[in-house]
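Beneath this line is the structure, given in structure tokens, with notes to follow.
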Amino acid sequence: MPRPTPRVLLYALPLFILLGCATTPNTRPASDTERDALSAAADGQFDSALRVAKMYQAWNDPRALDWYARAAATIPRTHRSTGAEEQLGRLLERGRLDSSDEPQKPEDVRFKPSPRKALRWYQSAAYHGSPYAMSDLARWYERQGDMAGALRWRLRSAVYMRELYKLDALRNATHASTEATRLAPDQPSTNPTIARIQRRAARGDAEAQVDLGALHKAGIGMPADMREALRWYQRAGEQGNVYGQYFSGLALGRGSKGLPKNETAAAAWFARAQAQEFYLAEESYWRRAIAPPFFIFE
């Protein structure tokens, strides 16, 4: 099995590196509630760690960050592990433990916002299979003004959710380059962002190969072509890219015009993604993901 990427192993990094933005922990005497919660958390279970995390968050205590990280690191991983990762991303990006949008009082400020640390947790959740983190990442990149990064995660979310209609504005904006591609399929797109993805994919960049596959799937900047989408997904998947593996499984499991459904081949790709702790690739999840929907908005 290919070695996991550093993003996939984020939760295994020393916590003081990830949470170094927090202030010195509160030193008030422990209450009975706190002692009971900490004692229960000695069992190493997800629910116990999450209980402590939520307790400290309710008290506006930055130790909540450490306990969310412990919950995220609990073995075996489940879809709930990604929830802890997502929560860390949101807290670190906002720089506060409550959900209010009102300005904080000086005495309530416990740590500074850290968009970069937030990004690492969003990525960890996304590369463990969270569809919510895909949307978190799209918004994060948009807020940073990185439209290429936002495009990547908007594409991935739309492919998984079968919501390609949400990309109509992008599809219309690249209509001219689509027409050019029809005339000269081997030529790069006239759209600079898509042309950059094509160059990187051709050079072997697995992430760009997934992006290019999604563009073929969505028909953005090029004609919609599921066979070509699958070809790029599989090239990325053979390099160990978990989205290449998972999207190969989706493409084969769902089938489409020009691409017959092949559940056996799909299951093999899902198994490879599951081996990288991508929870959506577990059989109970992927079978729901490939089931015919009541409505198709693609």
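Every chain in the structure tokens has a letter given in the order shown (A, B, ...), and although residue numbers restart at 1 in each chain, ligands are simply numbered from 1 in the order shown.
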Problem set entry | Residues within 8 Å of Arg139 of chain A, only C-alpha atoms, excluding chain neighbours under 4 positions, as a PyMOL selection string | chain A and resi 135+143+150
Exercise. If we count only C-alpha atoms, what is near Ala41 of chain A at a cut-off of 12 Å, once residues fewer than 3 positions away on the same chain are taken out, given as an MDAnalysis selection string?
Worked result: chainID A and resid 34:38 44:53 67 70:71 74
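Comparing the minimum interatomic distances between Glu93 of chain A and each of A:Glu107, A:Asp66, A:Gln144, A:Met161, counting only C-alpha atoms, we find that A:Gln144 sits nearest.
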Seminar exercise, completed: Restricting to only C-alpha atoms, whichever of A:Gln276, A:Ser130, A:Ser256, A:Gln234 is closest to Ala84 of chain A is A:Ser130
Problem set entry | Residues within 12 Å of Glu142 of chain A, only C-alpha atoms, excluding chain neighbours under 6 positions, as a PyMOL selection string | chain A and resi 135-136+148-154
Kindly export the residues of the current selection with N, CA and C atoms, as an mmCIF file, in the first residue's frame.
```cif
data_model
loop_
_atom_site.group_PDB
_atom_site.id
_atom_site.type_symbol
_atom_site.label_atom_id
_atom_site.label_comp_id
_atom_site.auth_asym_id
_atom_site.auth_seq_id
_atom_site.Cartn_x
_atom_site.Cartn_y
_atom_site.Cartn_z
ATOM 1 N N SER A 135 -16.331 21.005 1.561
ATOM 2 C CA SER A 135 -16.946 22.332 1.494
ATOM 3 C C SER A 135 -16.184 23.338 2.353
ATOM 4 N N ASP A 136 -15.710 22.895 3.533
ATOM 5 C CA ASP A 136 -14.911 23.774 4.386
ATOM 6 C C ASP A 136 -13.688 24.285 3.625
ATOM 7 N N ALA A 148 -7.935 28.756 -7.475
ATOM 8 C CA ALA A 148 -7.575 27.418 -7.953
ATOM 9 C C ALA A 148 -7.845 26.388 -6.867
ATOM 10 N N GLY A 149 -7.471 26.717 -5.629
ATOM 11 C CA GLY A 149 -7.743 25.814 -4.516
ATOM 12 C C GLY A 149 -9.235 25.650 -4.290
ATOM 13 N N ALA A 150 -9.978 26.764 -4.390
ATOM 14 C CA ALA A 150 -11.427 26.691 -4.221
ATOM 15 C C ALA A 150 -12.059 25.831 -5.303
ATOM 16 N N LEU A 151 -11.573 25.948 -6.540
ATOM 17 C CA LEU A 151 -12.095 25.148 -7.638
ATOM 18 C C LEU A 151 -11.918 23.665 -7.357
ATOM 19 N N ARG A 152 -10.729 23.275 -6.885
ATOM 20 C CA ARG A 152 -10.450 21.853 -6.591
ATOM 21 C C ARG A 152 -11.507 21.270 -5.668
ATOM 22 N N TRP A 153 -11.804 21.973 -4.586
ATOM 23 C CA TRP A 153 -12.699 21.389 -3.585
ATOM 24 C C TRP A 153 -14.160 21.567 -3.942
ATOM 25 N N ARG A 154 -14.485 22.586 -4.720
ATOM 26 C CA ARG A 154 -15.854 22.688 -5.223
ATOM 27 C C ARG A 154 -16.142 21.545 -6.194
#
```
Interface rows for segment 87-131 of chain A against segment 240-245 of chain A: nearest pair, Å to one decimal, 12 Å, only C-alpha atoms, as a tab-separated table:
```
residue	atom	partner	partner_atom	distance
A:Ala126	CA	A:Tyr243	CA	9.6
A:Tyr127	CA	A:Val242	CA	7.3
A:His128	CA	A:Val242	CA	8.9
A:Gly129	CA	A:Tyr243	CA	8.8
A:Ser130	CA	A:Tyr243	CA	11.6
A:Pro131	CA	A:Tyr243	CA	11.7
```
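Of the residues under consideration (A:Gly219, A:Tyr160, A:Asp205, A:Ser31), A:Tyr160 shows the shortest atom-to-atom contact distance to Ala289 of chain A when counting only C-alpha atoms.
Nearest residue to Arg254 of chain A among A:Ala208, A:Met226, A:Leu92, A:Ala273 is A:Met226, counting only C-alpha atoms.
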For this session: Take atom CA of Asp211 of chain A and atom CA of Val159 of chain A and report the distance between them in Å, one decimal.
Result: 10.7 Å
For this session: Could you find all residues in segment 50-184 of chain A that DSSP calls helix (DSSP H, G or I) from the backbone, and write them as a VMD selection string?
Result: chain A and resid 50 to 58 63 to 73 79 to 94 106 to 108 115 to 126 131 to 143 147 to 161 164 to 173 175 to 183
Exercise. Any idea what's packed within 10 Å of Thr264 of chain A, counting only C-alpha atoms, ignoring anything in its chain fewer than 3 positions away? Could you give it as number ranges by chain?
Worked result: A: 249, 252-253, 261, 267-269
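One distance worth recording is that between atom CA of Ala275 of chain A and atom CA of His79 of chain A, which is 14.5 Å.
Atom CA of Thr78 of chain A sits 25.7 Å away from atom CA of Ala206 of chain A.
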Exercise. Looking at only C-alpha atoms, which of A:Leu97, A:Ala251, A:Ala118, A:Leu212 is the one that sits closest to Ala64 of chain A?
Worked result: A:Leu97
Exercise. Which residues, written as number ranges by chain, have at least one atom at most 7 Å from segment 167-172 of chain A, with only C-alpha atoms counted and residues fewer than 3 positions away on the same chain left out?
Worked result: A: 164, 175, 219-221
Those same residues, written as a JSON list (two decimals), in the first residue's frame with all heavy atoms?
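Contents of the output file out.json:
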```json
[["chain", "number", "residue", "atom", "x", "y", "z"],
["A", 164, "LEU", "N", -23.49, 18.62, -9.80],
["A", 164, "LEU", "CA", -22.75, 19.34, -10.83],
["A", 164, "LEU", "C", -23.49, 20.57, -11.32],
["A", 164, "LEU", "O", -22.88, 21.49, -11.87],
["A", 164, "LEU", "CB", -22.46, 18.40, -12.02],
["A", 164, "LEU", "CG", -21.59, 17.18, -11.69],
["A", 164, "LEU", "CD1", -21.35, 16.36, -12.95],
["A", 164, "LEU", "CD2", -20.27, 17.59, -11.07],
["A", 175, "HIS", "N", -17.22, 28.17, -21.61],
["A", 175, "HIS", "CA", -17.85, 27.63, -22.82],
["A", 175, "HIS", "C", -16.96, 27.82, -24.05],
["A", 175, "HIS", "O", -16.83, 26.92, -24.88],
["A", 175, "HIS", "CB", -19.20, 28.30, -23.06],
["A", 175, "HIS", "CG", -19.88, 27.84, -24.30],
["A", 175, "HIS", "ND1", -20.45, 26.58, -24.42],
["A", 175, "HIS", "CD2", -20.10, 28.46, -25.50],
["A", 175, "HIS", "CE1", -20.97, 26.45, -25.63],
["A", 175, "HIS", "NE2", -20.78, 27.57, -26.30],
["A", 219, "GLY", "N", -17.70, 18.59, -17.41],
["A", 219, "GLY", "CA", -17.77, 19.28, -18.69],
["A", 219, "GLY", "C", -17.42, 20.75, -18.58],
["A", 219, "GLY", "O", -18.03, 21.60, -19.22],
["A", 220, "ILE", "N", -16.43, 21.04, -17.74],
["A", 220, "ILE", "CA", -15.98, 22.42, -17.54],
["A", 220, "ILE", "C", -14.67, 22.63, -18.30],
["A", 220, "ILE", "O", -13.66, 22.00, -18.01],
["A", 220, "ILE", "CB", -15.79, 22.72, -16.05],
["A", 220, "ILE", "CG1", -17.13, 22.67, -15.33],
["A", 220, "ILE", "CG2", -15.13, 24.10, -15.85],
["A", 220, "ILE", "CD1", -17.04, 22.84, -13.83],
["A", 221, "GLY", "N", -14.70, 23.50, -19.29],
["A", 221, "GLY", "CA", -13.51, 23.76, -20.09],
["A", 221, "GLY", "C", -13.22, 22.71, -21.12],
["A", 221, "GLY", "O", -12.23, 22.80, -21.86]]
```
